[in-house]
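See below for start-v1.txt, which holds compact mmCIF, C-alpha atoms and all ligand atoms.
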# COMPACT_ATOMS: atom_id res chain seq x y z
CA MET K 1 88.76 33.80 -31.54
CA HIS K 2 86.32 31.00 -32.40
CA THR K 3 83.12 32.15 -34.11
CA PRO K 4 79.88 30.86 -32.53
CA LEU K 5 77.70 28.66 -34.76
CA GLY K 6 74.88 31.21 -34.97
CA ALA K 7 77.19 34.00 -36.10
CA GLN K 8 78.92 31.68 -38.58
CA LEU K 9 75.62 30.58 -40.12
CA ARG K 10 74.64 34.15 -40.72
CA GLN K 11 77.96 34.89 -42.46
CA GLN K 12 77.19 32.25 -45.07
CA PRO K 13 74.58 32.73 -47.82
CA ALA K 14 72.35 30.38 -45.83
CA THR K 15 69.01 32.10 -45.36
CA ALA K 16 67.80 32.92 -41.88
CA PRO K 17 65.21 30.09 -41.93
CA LEU K 18 67.97 27.57 -42.74
CA ALA K 19 70.15 29.03 -39.99
CA GLU K 20 67.18 28.72 -37.59
CA THR K 21 66.69 25.07 -38.60
CA LEU K 22 70.37 24.21 -38.11
CA GLU K 23 70.45 25.98 -34.76
CA ALA K 24 67.43 23.93 -33.69
CA ILE K 25 69.35 20.74 -34.48
CA ALA K 26 72.40 22.06 -32.64
CA GLY K 27 70.17 22.97 -29.69
CA ALA K 28 68.88 19.40 -29.52
CA GLY K 29 72.48 18.20 -29.67
CA LEU K 30 73.43 20.44 -26.77
CA VAL K 31 70.73 18.90 -24.55
CA LEU K 32 71.49 15.38 -25.77
CA ALA K 33 75.22 15.73 -25.05
CA GLU K 34 74.45 16.45 -21.40
CA LYS K 35 71.85 13.66 -21.22
CA LEU K 36 74.41 11.18 -22.56
CA ARG K 37 77.06 12.26 -20.06
CA ARG K 38 74.63 11.67 -17.19
CA ALA K 39 72.84 8.67 -18.70
CA ARG K 40 74.07 6.11 -16.15
CA LEU K 41 73.40 8.46 -13.25
CA GLU K 42 69.86 9.23 -14.42
CA ASP K 43 68.99 5.67 -15.38
CA VAL K 44 68.22 6.40 -19.03
CA ILE K 45 70.49 3.59 -20.20
CA GLY K 46 68.90 0.53 -21.75
CA GLU K 47 65.97 -0.46 -23.90
CA ALA K 48 62.72 1.50 -24.05
CA GLY K 49 60.67 -1.69 -24.36
CA ALA K 50 59.58 -1.03 -27.97
CA VAL K 51 60.99 -1.73 -31.43
CA ASN K 52 61.32 0.79 -34.26
CA VAL K 53 60.09 0.38 -37.82
CA GLN K 54 63.30 -1.54 -38.54
CA GLY K 55 62.34 -4.12 -35.90
CA GLU K 56 65.29 -2.98 -33.77
CA ALA K 57 64.94 -2.59 -30.00
CA GLN K 58 64.71 1.12 -29.25
CA GLN K 59 67.01 2.45 -26.55
CA LYS K 60 65.47 4.92 -24.09
CA LEU K 61 67.82 7.56 -25.45
CA ASP K 62 66.78 6.83 -29.06
CA VAL K 63 63.24 7.83 -28.11
CA LEU K 64 64.42 10.83 -26.11
CA ALA K 65 66.66 12.07 -28.94
CA ASP K 66 63.88 11.67 -31.50
CA GLU K 67 61.35 13.52 -29.33
CA LEU K 68 63.87 16.28 -28.65
CA LEU K 69 64.63 16.85 -32.35
CA LEU K 70 60.94 16.75 -33.25
CA GLU K 71 60.10 19.26 -30.53
CA LYS K 72 62.88 21.68 -31.55
CA LEU K 73 62.14 21.41 -35.28
CA SER K 74 58.40 21.79 -34.72
CA ARG K 75 59.16 25.33 -33.53
CA CYS K 76 61.00 26.24 -36.76
CA SER K 77 58.79 28.17 -39.15
CA ALA K 78 60.55 26.75 -42.21
CA VAL K 79 60.37 23.00 -41.50
CA ALA K 80 57.62 21.23 -43.45
CA ALA K 81 58.35 17.67 -42.37
CA TYR K 82 60.54 15.60 -40.08
CA ALA K 83 61.50 12.02 -40.86
CA SER K 84 63.66 9.78 -38.71
CA GLU K 85 64.82 6.25 -38.14
CA GLU K 86 62.59 6.13 -35.09
CA GLN K 87 59.37 7.17 -36.87
CA ALA K 88 57.56 4.73 -39.17
CA ARG K 89 56.14 7.64 -41.17
CA PRO K 90 57.23 11.26 -41.64
CA ARG K 91 55.78 13.88 -39.28
CA MET K 92 54.12 16.66 -41.30
CA LEU K 93 54.71 19.94 -39.46
CA ARG K 94 53.46 22.75 -41.73
CA ALA K 95 52.20 22.96 -45.30
CA ASP K 96 54.12 26.13 -46.16
CA GLY K 97 57.48 24.87 -44.91
CA ARG K 98 60.60 25.17 -47.06
CA TYR K 99 62.67 22.27 -45.75
CA CYS K 100 62.31 18.58 -44.95
CA VAL K 101 64.65 17.35 -42.22
CA LEU K 102 65.89 13.76 -42.13
CA CYS K 103 67.53 12.41 -38.97
CA ASP K 104 69.06 9.41 -37.37
CA PRO K 105 68.52 10.85 -33.89
CA LEU K 106 71.04 8.69 -32.07
CA ASP K 107 73.14 6.47 -34.28
CA GLY K 108 75.11 3.77 -32.50
CA SER K 109 72.88 3.93 -29.43
CA SER K 110 73.47 0.25 -28.63
CA ASN K 111 76.99 1.37 -27.66
CA ILE K 112 75.90 3.91 -25.02
CA ASP K 113 76.10 1.50 -22.10
CA VAL K 114 79.83 1.04 -22.74
CA ALA K 115 80.51 4.76 -23.29
CA VAL K 116 81.42 4.43 -26.97
CA PRO K 117 80.95 7.68 -28.97
CA VAL K 118 77.52 7.98 -30.64
CA GLY K 119 76.02 10.61 -32.89
CA THR K 120 73.10 12.41 -34.48
CA ILE K 121 73.03 12.43 -38.30
CA PHE K 122 70.94 15.01 -40.19
CA GLY K 123 70.12 16.20 -43.69
CA VAL K 124 68.07 19.19 -44.87
CA LEU K 125 66.22 18.83 -48.19
CA PRO K 126 64.44 21.60 -50.10
CA CYS K 127 60.66 21.26 -50.08
CA GLY K 128 59.18 23.34 -52.87
CA LYS K 129 56.20 25.52 -51.98
CA GLY K 130 53.10 23.37 -52.12
CA ALA K 131 55.12 20.22 -52.80
CA ALA K 132 53.95 17.13 -50.96
CA PRO K 133 56.56 16.60 -48.22
CA GLU K 134 56.28 12.83 -48.66
CA SER K 135 57.67 13.16 -52.22
CA ALA K 136 60.15 15.86 -51.16
CA LEU K 137 61.66 13.38 -48.68
CA LEU K 138 62.39 10.87 -51.46
CA GLN K 139 64.85 13.10 -53.33
CA PRO K 140 68.41 12.01 -54.18
CA GLY K 141 71.02 13.13 -51.66
CA ARG K 142 72.60 15.30 -54.36
CA VAL K 143 69.97 17.98 -53.64
CA LEU K 144 70.66 18.21 -49.91
CA LEU K 145 70.96 21.89 -48.97
CA CYS K 146 73.14 20.90 -46.03
CA ALA K 147 73.93 17.80 -44.03
CA GLY K 148 76.14 16.68 -41.22
CA TYR K 149 76.32 15.12 -37.82
CA LEU K 150 76.88 15.68 -34.12
CA LEU K 151 79.44 13.40 -32.47
CA TYR K 152 79.14 12.87 -28.72
CA GLY K 153 82.64 11.76 -27.86
CA SER K 154 85.61 13.00 -25.82
CA SER K 155 84.34 16.36 -27.08
CA THR K 156 81.02 17.15 -28.72
CA ALA K 157 81.60 18.01 -32.38
CA LEU K 158 79.22 19.30 -35.02
CA VAL K 159 80.24 18.84 -38.66
CA LEU K 160 78.22 20.85 -41.17
CA ALA K 161 78.49 20.36 -44.95
CA SER K 162 76.91 22.92 -47.29
CA ALA K 163 77.66 24.51 -50.66
CA ALA K 164 80.19 26.66 -48.78
CA GLY K 165 82.18 23.57 -47.74
CA VAL K 166 82.59 21.47 -44.60
CA ASP K 167 83.05 23.18 -41.24
CA LEU K 168 83.83 21.70 -37.82
CA PHE K 169 82.32 23.18 -34.67
CA VAL K 170 83.11 22.06 -31.13
CA LEU K 171 80.91 22.51 -28.07
CA ASP K 172 82.24 24.83 -25.41
CA PRO K 173 80.46 23.34 -22.38
CA GLY K 174 81.15 26.44 -20.30
CA ARG K 175 79.42 28.74 -22.78
CA GLY K 176 76.82 26.20 -23.87
CA GLU K 177 77.42 26.90 -27.54
CA PHE K 178 79.20 25.43 -30.54
CA LEU K 179 82.30 27.33 -31.67
CA LEU K 180 83.96 27.16 -35.08
CA ALA K 181 87.12 25.06 -34.82
CA GLN K 182 88.01 24.47 -38.47
CA ARG K 183 86.67 25.86 -41.75
CA GLY K 184 86.73 24.20 -45.14
CA LEU K 185 87.83 20.69 -44.12
CA ARG K 186 89.47 18.77 -46.98
CA MET K 187 90.05 15.02 -46.84
CA PRO K 188 93.43 13.45 -47.60
CA ALA K 189 93.16 11.89 -51.10
CA GLU K 190 94.52 8.63 -49.73
CA ARG K 191 95.36 7.06 -46.38
CA LYS K 192 96.06 3.40 -45.59
CA ILE K 193 93.28 2.99 -43.00
CA TYR K 194 90.25 0.79 -43.56
CA SER K 195 87.18 0.54 -41.37
CA ILE K 196 84.92 -2.51 -41.79
CA ASN K 197 83.45 -5.27 -39.63
CA GLU K 198 85.67 -8.15 -40.78
CA ALA K 199 83.50 -10.64 -38.87
CA ASN K 200 81.21 -10.46 -41.93
CA ILE K 201 84.00 -11.41 -44.37
CA ASN K 202 82.46 -14.72 -45.46
CA GLY K 203 79.40 -12.82 -46.73
CA PHE K 204 81.40 -10.20 -48.68
CA ASP K 205 81.44 -10.03 -52.47
CA GLY K 206 84.50 -11.85 -53.92
CA GLY K 207 85.96 -8.59 -55.22
CA LEU K 208 85.66 -7.07 -51.76
CA GLN K 209 87.43 -10.06 -50.24
CA ARG K 210 90.26 -9.55 -52.74
CA TRP K 211 90.44 -5.82 -51.87
CA LEU K 212 90.66 -6.77 -48.17
CA HIS K 213 93.55 -9.14 -48.98
CA PHE K 214 95.20 -6.26 -50.92
CA ALA K 215 94.86 -4.05 -47.84
CA HIS K 216 96.36 -6.75 -45.59
CA GLU K 217 99.32 -7.13 -47.99
CA ASN K 218 99.95 -3.41 -48.46
CA GLY K 219 100.41 -2.01 -44.98
CA TYR K 220 96.88 -0.79 -44.22
CA GLY K 221 95.82 -0.25 -40.61
CA ALA K 222 92.38 -1.35 -39.40
CA ARG K 223 90.16 0.89 -37.26
CA TYR K 224 86.55 -0.07 -36.50
CA ILE K 225 84.56 1.48 -33.63
CA GLY K 226 81.20 0.08 -34.68
CA SER K 227 79.53 3.48 -34.38
CA MET K 228 79.10 5.04 -37.83
CA VAL K 229 79.46 8.69 -36.80
CA ALA K 230 82.71 7.99 -34.94
CA ASP K 231 84.15 5.90 -37.80
CA VAL K 232 83.14 8.46 -40.41
CA HIS K 233 84.49 11.39 -38.36
CA ARG K 234 87.91 9.73 -38.08
CA THR K 235 87.81 9.00 -41.83
CA LEU K 236 86.94 12.64 -42.58
CA LEU K 237 89.81 14.01 -40.47
CA ARG K 238 92.54 11.41 -41.11
CA GLY K 239 91.51 9.85 -44.42
CA GLY K 240 91.00 6.18 -45.25
CA VAL K 241 87.87 4.25 -46.20
CA PHE K 242 84.79 3.17 -44.22
CA LEU K 243 82.62 0.38 -45.53
CA TYR K 244 79.36 -1.26 -44.61
CA PRO K 245 78.83 -3.49 -47.66
CA ALA K 246 76.17 -6.03 -48.44
CA THR K 247 76.57 -9.00 -46.08
CA ALA K 248 74.84 -12.36 -45.68
CA ALA K 249 72.74 -10.91 -42.85
CA ASN K 250 72.11 -7.59 -44.65
CA PRO K 251 72.01 -8.19 -48.45
CA GLN K 252 71.19 -4.49 -49.02
CA GLY K 253 73.72 -3.35 -46.45
CA LYS K 254 72.75 -2.32 -42.93
CA LEU K 255 72.83 1.48 -43.09
CA ARG K 256 69.89 3.53 -44.32
CA LEU K 257 70.12 5.62 -47.44
CA LEU K 258 68.12 8.72 -46.56
CA TYR K 259 69.26 9.60 -43.05
CA GLU K 260 72.62 7.84 -42.69
CA CYS K 261 74.34 7.28 -46.04
CA ASN K 262 73.15 10.40 -47.90
CA PRO K 263 74.15 12.93 -45.19
CA MET K 264 77.53 11.23 -44.73
CA ALA K 265 78.06 11.01 -48.50
CA SER K 266 77.33 14.74 -48.74
CA VAL K 267 79.97 15.46 -46.09
CA MET K 268 82.50 13.26 -47.88
CA GLU K 269 81.98 14.75 -51.35
CA ARG K 270 81.94 18.34 -50.10
CA ALA K 271 85.28 17.64 -48.37
CA GLY K 272 86.80 16.19 -51.56
CA GLY K 273 86.13 12.55 -50.78
CA ALA K 274 83.79 10.01 -52.36
CA ALA K 275 80.85 7.76 -51.41
CA THR K 276 79.43 4.91 -53.44
CA ASP K 277 77.25 1.82 -53.06
CA GLY K 278 79.83 -0.03 -55.15
CA ALA K 279 78.06 0.73 -58.43
CA ALA K 280 76.96 4.38 -58.26
CA ALA K 281 77.54 7.53 -56.24
CA ILE K 282 75.35 7.33 -53.14
CA LEU K 283 74.09 10.88 -53.76
CA ASP K 284 72.72 9.91 -57.18
CA ILE K 285 70.60 7.00 -55.95
CA ALA K 286 66.89 7.68 -56.50
CA PRO K 287 65.20 6.73 -53.21
CA GLU K 288 62.14 4.49 -53.34
CA ALA K 289 61.31 4.13 -49.66
CA LEU K 290 61.95 6.15 -46.52
CA HIS K 291 63.82 3.43 -44.64
CA GLN K 292 65.60 1.68 -47.49
CA ARG K 293 69.11 0.47 -46.85
CA CYS K 294 72.12 0.59 -49.14
CA PRO K 295 75.71 -0.66 -49.13
CA VAL K 296 78.19 2.15 -48.45
CA ILE K 297 81.86 2.66 -49.26
CA LEU K 298 83.02 6.18 -48.35
CA GLY K 299 86.19 8.12 -47.61
CA SER K 300 89.32 9.29 -49.41
CA SER K 301 88.72 9.39 -53.15
CA ALA K 302 91.73 7.20 -54.06
CA GLU K 303 90.84 4.61 -51.41
CA VAL K 304 87.21 4.41 -52.53
CA ALA K 305 88.45 4.03 -56.12
CA ARG K 306 90.74 1.14 -55.09
CA VAL K 307 87.81 -0.72 -53.52
CA CYS K 308 85.66 -0.16 -56.62
CA ALA K 309 88.49 -1.32 -58.90
CA HIS K 310 88.53 -4.67 -57.08
CA LEU K 311 84.72 -4.91 -57.17
CA CYS K 312 84.69 -4.24 -60.93
CA ALA K 313 87.42 -6.82 -61.51
CA SER K 314 85.31 -9.55 -59.89
P1 LIG I 1 77.90 -3.89 -36.93
C1 LIG I 1 75.36 0.99 -34.96
O1 LIG I 1 74.52 -0.05 -34.49
C2 LIG I 1 75.25 1.03 -36.49
O2 LIG I 1 73.94 1.32 -36.87
C3 LIG I 1 76.23 2.05 -37.06
O3 LIG I 1 76.42 3.14 -36.23
C4 LIG I 1 77.49 1.22 -37.23
O4 LIG I 1 78.33 1.70 -38.29
C5 LIG I 1 76.94 -0.18 -37.56
O5 LIG I 1 75.62 -0.24 -37.02
C6 LIG I 1 77.77 -1.27 -36.94
O6 LIG I 1 77.19 -2.50 -37.32
O7 LIG I 1 77.10 -4.94 -37.67
O8 LIG I 1 79.33 -3.81 -37.43
O9 LIG I 1 77.82 -4.00 -35.43
Just give me the structure of the file as structure tokens.
Amino acid sequence: MHTPLGAQLRQQPATAPLAETLEAIAGAGLVLAEKLRRARLEDVIGEAGAVNVQGEAQQKLDVLADELLLEKLSRCSAVAAYASEEQARPRMLRADGRYCVLCDPLDGSSNIDVAVPVGTIFGVLPCGKGAAPESALLQPGRVLLCAGYLLYGSSTALVLASAAGVDLFVLDPGRGEFLLAQRGLRMPAERKIYSINEANINGFDGGLQRWLHFAHENGYGARYIGSMVADVHRTLLRGGVFLYPATAANPQGKLRLLYECNPMASVMERAGGAATDGAAAILDIAPEALHQRCPVILGSSAEVARVCAHLCAS
């Protein structure tokens, strides 16, 4: 018997307001999963005609996903603020809220037109009573109350990391709800799989180039989907290491700290893995700006350590 998400959330010490917030995110994911399946049929593929704060062309579904999450979270009594990749500034929802929610509403959306798996990444931060949500959003990822992602792939998965551990839920389309598929996920300590865009190799740090050579010489397999949620999900379940390091085009890395790297780092660490920017644990980085980027190396603890050993040796 697979426990429904709602029932599972109420078994954990998570308070009812936190359960309500997570169910709102799951509810948005439910709608989005169906929208993605029918995207080509309903002509919601393609660019929306605007660019986001990053200067990236917004896909129609980026805007739809963002609006959907904002609408669902606006109805949650505990959510003080919502910040996302698609919003230049945070949306303040209520002064007496307890949580700030950070989202990448639809990561990998440039892949939708070729039916590559995409995802929603989320993190829930505590927002002390009376605290200014703007400052509450710029907290290190270490204080995330929970974090995770939805993966819209061959099945629709929801991975939730909290103090209780990392749980995997899978959407039962017939019932229209997420059911618990695996509790307490633990990552393999090592696995010879690496996931990186090798087209950027000429811009990699010398130590990273030497680690890549080590991987080539020591029987590693390469897997790169180009959609962070899909690459991270495989890394979580099978082990290995995913990297988006500093490159010539992206000297600070491409992925954003607050709503991509921090939630994924929280999932990794709570499952026994590791996540670093090459110098420090991602979760200990003190954010300075909402949309700042950072290099990311995450996955099995021994594999992350091997990359860092080569970086330190350079
Ligand atoms: P590249 C998708 O566009 C994304 O934001 C992440 O999902 C993914 O990990 C990364 O960019 C891929 O970037 O430069 O390898 O195409």
Calculate, to one decimal in Å, the centre and edge lengths of the box along x, y and z of the file that holds all listed atoms of range 148-159 of chain K with 3 Å of margin on each side, and present them as JSON.
{"center_x": 80.9, "center_y": 15.5, "center_z": -33.5, "size_x": 15.5, "size_y": 13.5, "size_z": 21.4}
> Given the choices K:Arg75, K:Arg142, K:Arg89, K:His213, which gets closest to Ile282 in chain K if the distance is worked out from all atoms listed in the file?
Replying inline: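 Ranked by minimum distance to Ile282 in chain K, first place goes to K:Arg142.
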> Taking into account all atoms listed in the file, which residue in the set K:Ser154, K:Asn111, K:Asn218, K:Ser162 is nearest to ligand LIG 1 (chain I)?
Replying inline: K:Asn111
> Mind listing the residues within 7 Å of ligand LIG 1 (chain I), all atoms listed in the file counted, as a list in words?
Replying inline: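 Here is the list of contacting residues: Asp107, Gly108, Ser109, Ser110, Asn197, Gly226, Ser227, Met228, Val229, Lys254 and Leu255 of chain K.
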> Counting only C-alpha atoms, what is within 10 Å of Gln87 in chain K, bar same-chain residues fewer than 3 positions away, as JSON, numbers by chain?
Replying inline: {"K": [52, 53, 54, 63, 66, 82, 83, 84, 90, 91, 103, 104, 291]}
>> I need the residue nearest Val114 in chain K from this list: K:Lys60, K:Leu257, K:Ile225, K:Ser77. Use all atoms listed in the file for the distance.
In response: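 Closest to Val114 in chain K, using all atoms listed in the file: K:Ile225.
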> Using only C-alpha atoms, which of K:Leu180, K:Leu237, K:Ala286, K:Ala81 sits nearest Leu138 in chain K?
Replying inline: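 Of K:Leu180, K:Leu237, K:Ala286, K:Ala81, the one nearest Leu138 in chain K is K:Ala286, counting only C-alpha atoms.
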Would you give me, as a tab-separated table, each residue of range 53-151 of chain K having an atom within 12 Å of an atom of range 21-39 of chain K, along with its shortest atom pair and that distance in Å to one decimal, using all atoms listed in the file and sorting by chain and residue number?
residue	atom	partner	partner_atom	distance
K:Gln59	CA	K:Ala39	CA	11.6
K:Lys60	CA	K:Ala39	CA	9.9
K:Leu61	CA	K:Leu36	CA	8.1
K:Asp62	CA	K:Leu32	CA	10.3
K:Val63	CA	K:Leu32	CA	11.4
K:Leu64	CA	K:Leu32	CA	8.4
K:Ala65	CA	K:Leu32	CA	6.7
K:Asp66	CA	K:Ala28	CA	9.4
K:Glu67	CA	K:Ala28	CA	9.6
K:Leu68	CA	K:Ala28	CA	6.0
K:Leu69	CA	K:Ala28	CA	5.7
K:Leu70	CA	K:Ala28	CA	9.2
K:Glu71	CA	K:Ala28	CA	8.8
K:Lys72	CA	K:Ala24	CA	5.5
K:Leu73	CA	K:Ala24	CA	6.1
K:Ser74	CA	K:Ala24	CA	9.3
K:Arg75	CA	K:Ala24	CA	8.4
K:Cys76	CA	K:Thr21	CA	6.1
K:Ser77	CA	K:Thr21	CA	8.5
K:Ala78	CA	K:Thr21	CA	7.3
K:Val79	CA	K:Thr21	CA	7.3
K:Ala80	CA	K:Thr21	CA	11.0
K:Ala81	CA	K:Thr21	CA	11.8
K:Tyr82	CA	K:Thr21	CA	11.4
K:Gly97	CA	K:Thr21	CA	11.2
K:Arg98	CA	K:Thr21	CA	10.4
K:Tyr99	CA	K:Thr21	CA	8.7
K:Cys100	CA	K:Thr21	CA	10.1
K:Val101	CA	K:Thr21	CA	8.8
K:Leu102	CA	K:Ile25	CA	10.9
K:Cys103	CA	K:Ile25	CA	9.6
K:Asp104	CA	K:Ile25	CA	11.7
K:Pro105	CA	K:Gly29	CA	9.4
K:Leu106	CA	K:Leu32	CA	9.2
K:Ser109	CA	K:Leu36	CA	10.1
K:Asn111	CA	K:Leu36	CA	11.4
K:Ile112	CA	K:Leu36	CA	7.8
K:Asp113	CA	K:Ala39	CA	8.6
K:Val114	CA	K:Ala39	CA	11.1
K:Ala115	CA	K:Arg37	CA	8.9
K:Val116	CA	K:Leu36	CA	10.7
K:Pro117	CA	K:Leu36	CA	9.8
K:Val118	CA	K:Leu36	CA	9.2
K:Gly119	CA	K:Gly29	CA	9.0
K:Thr120	CA	K:Gly29	CA	7.6
K:Ile121	CA	K:Ile25	CA	9.9
K:Phe122	CA	K:Ile25	CA	8.2
K:Gly123	CA	K:Leu22	CA	9.8
K:Val124	CA	K:Thr21	CA	8.7
K:Leu125	CA	K:Thr21	CA	11.5
K:Leu145	CA	K:Leu22	CA	11.1
K:Cys146	CA	K:Leu22	CA	9.0
K:Ala147	CA	K:Leu22	CA	9.4
K:Gly148	CA	K:Leu22	CA	10.0
K:Tyr149	CA	K:Ala26	CA	9.5
K:Leu150	CA	K:Gly29	CA	6.7
K:Leu151	CA	K:Ala33	CA	8.8
> Suppose you want the space between CA of Asn250 in chain K and CA of Gly203 in chain K; what is it in Å?
Replying inline: 9.2 Å
> CA of Pro140 in chain K and CA of His310 in chain K are how many Å apart?
Replying inline: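 For CA of Pro140 in chain K relative to CA of His310 in chain K, the distance reads 26.3 Å.
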>> Just to confirm, what's the straight-line distance from CA of Tyr244 in chain K to CA of Asn202 in chain K in Å (one decimal)?
In response: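 These atoms are spaced 13.8 Å apart.
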Residue contacts of Cys308 in chain K (9 Å, only C-alpha atoms) excluding same-chain residues fewer than 3 positions away, as a short mmCIF file (atom, residue, chain, number, x, y, z; two decimals) with C-alpha atoms, in the frame of the given file:
data_model
loop_
_atom_site.label_atom_id
_atom_site.label_comp_id
_atom_site.auth_asym_id
_atom_site.auth_seq_id
_atom_site.Cartn_x
_atom_site.Cartn_y
_atom_site.Cartn_z
CA GLY K 207 85.96 -8.59 -55.22
CA LEU K 208 85.66 -7.07 -51.76
CA TRP K 211 90.44 -5.82 -51.87
CA THR K 276 79.43 4.91 -53.44
CA GLY K 278 79.83 -0.03 -55.15
CA ALA K 279 78.06 0.73 -58.43
CA ILE K 297 81.86 2.66 -49.26
CA GLU K 303 90.84 4.61 -51.41
CA VAL K 304 87.21 4.41 -52.53
CA ALA K 305 88.45 4.03 -56.12
CA LEU K 311 84.72 -4.91 -57.17
CA CYS K 312 84.69 -4.24 -60.93
CA ALA K 313 87.42 -6.82 -61.51
#
> Need the neighbours of (87.9, 5.4, -37.4): which residues are at most 8 Å away, counting all atoms listed in the file, as number ranges by chain?
Replying inline: K: 195, 223-225, 230-235, 242
>> I'd like to know which of K:Leu5, K:Val267, K:Ile201, K:Leu258 is closest to Ala136 in chain K, using all atoms listed in the file.
In response: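 Among the listed residues, the smallest separation from Ala136 in chain K belongs to K:Leu258.
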Since the input lacks atoms, please generate all heavy atoms for range 172-178 of chain K and provide them as a tab-separated table (two decimals), keeping the file's coordinate frame.
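Done, and the output landed in rebuild24.tsv:
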chain	number	residue	atom	x	y	z
K	172	ASP	N	81.57	24.28	-26.60
K	172	ASP	CA	82.24	24.83	-25.41
K	172	ASP	C	81.27	24.65	-24.26
K	172	ASP	O	80.29	25.41	-24.14
K	172	ASP	CB	82.54	26.32	-25.62
K	172	ASP	CG	83.17	26.96	-24.37
K	172	ASP	OD1	82.95	26.42	-23.26
K	172	ASP	OD2	83.84	28.00	-24.52
K	173	PRO	N	81.45	23.64	-23.42
K	173	PRO	CA	80.46	23.34	-22.38
K	173	PRO	C	80.22	24.53	-21.44
K	173	PRO	O	79.10	24.77	-20.99
K	173	PRO	CB	81.05	22.15	-21.62
K	173	PRO	CG	82.08	21.55	-22.52
K	173	PRO	CD	82.60	22.70	-23.34
K	174	GLY	N	81.29	25.30	-21.21
K	174	GLY	CA	81.15	26.44	-20.30
K	174	GLY	C	80.20	27.49	-20.84
K	174	GLY	O	79.40	28.07	-20.13
K	175	ARG	N	80.27	27.70	-22.17
K	175	ARG	CA	79.42	28.74	-22.78
K	175	ARG	C	78.11	28.16	-23.29
K	175	ARG	O	77.20	28.88	-23.67
K	175	ARG	CB	80.18	29.40	-23.93
K	175	ARG	CG	81.35	30.26	-23.46
K	175	ARG	CD	82.19	30.81	-24.59
K	175	ARG	NE	81.43	31.55	-25.60
K	175	ARG	CZ	82.03	32.21	-26.62
K	175	ARG	NH1	83.35	32.18	-26.72
K	175	ARG	NH2	81.31	32.86	-27.51
K	176	GLY	N	78.06	26.83	-23.38
K	176	GLY	CA	76.82	26.20	-23.87
K	176	GLY	C	76.56	26.51	-25.31
K	176	GLY	O	75.42	26.64	-25.75
K	177	GLU	N	77.63	26.67	-26.11
K	177	GLU	CA	77.42	26.90	-27.54
K	177	GLU	C	78.55	26.26	-28.35
K	177	GLU	O	79.66	26.02	-27.84
K	177	GLU	CB	77.30	28.39	-27.86
K	177	GLU	CG	78.47	29.25	-27.54
K	177	GLU	CD	78.16	30.73	-27.92
K	177	GLU	OE1	77.25	30.98	-28.73
K	177	GLU	OE2	78.86	31.60	-27.38
K	178	PHE	N	78.22	26.02	-29.63
K	178	PHE	CA	79.20	25.43	-30.54
K	178	PHE	C	80.05	26.54	-31.14
K	178	PHE	O	79.51	27.56	-31.60
K	178	PHE	CB	78.48	24.64	-31.66
K	178	PHE	CG	77.89	23.34	-31.19
K	178	PHE	CD1	76.57	23.29	-30.76
K	178	PHE	CD2	78.66	22.18	-31.16
K	178	PHE	CE1	76.02	22.09	-30.33
K	178	PHE	CE2	78.10	20.97	-30.73
K	178	PHE	CZ	76.79	20.93	-30.31
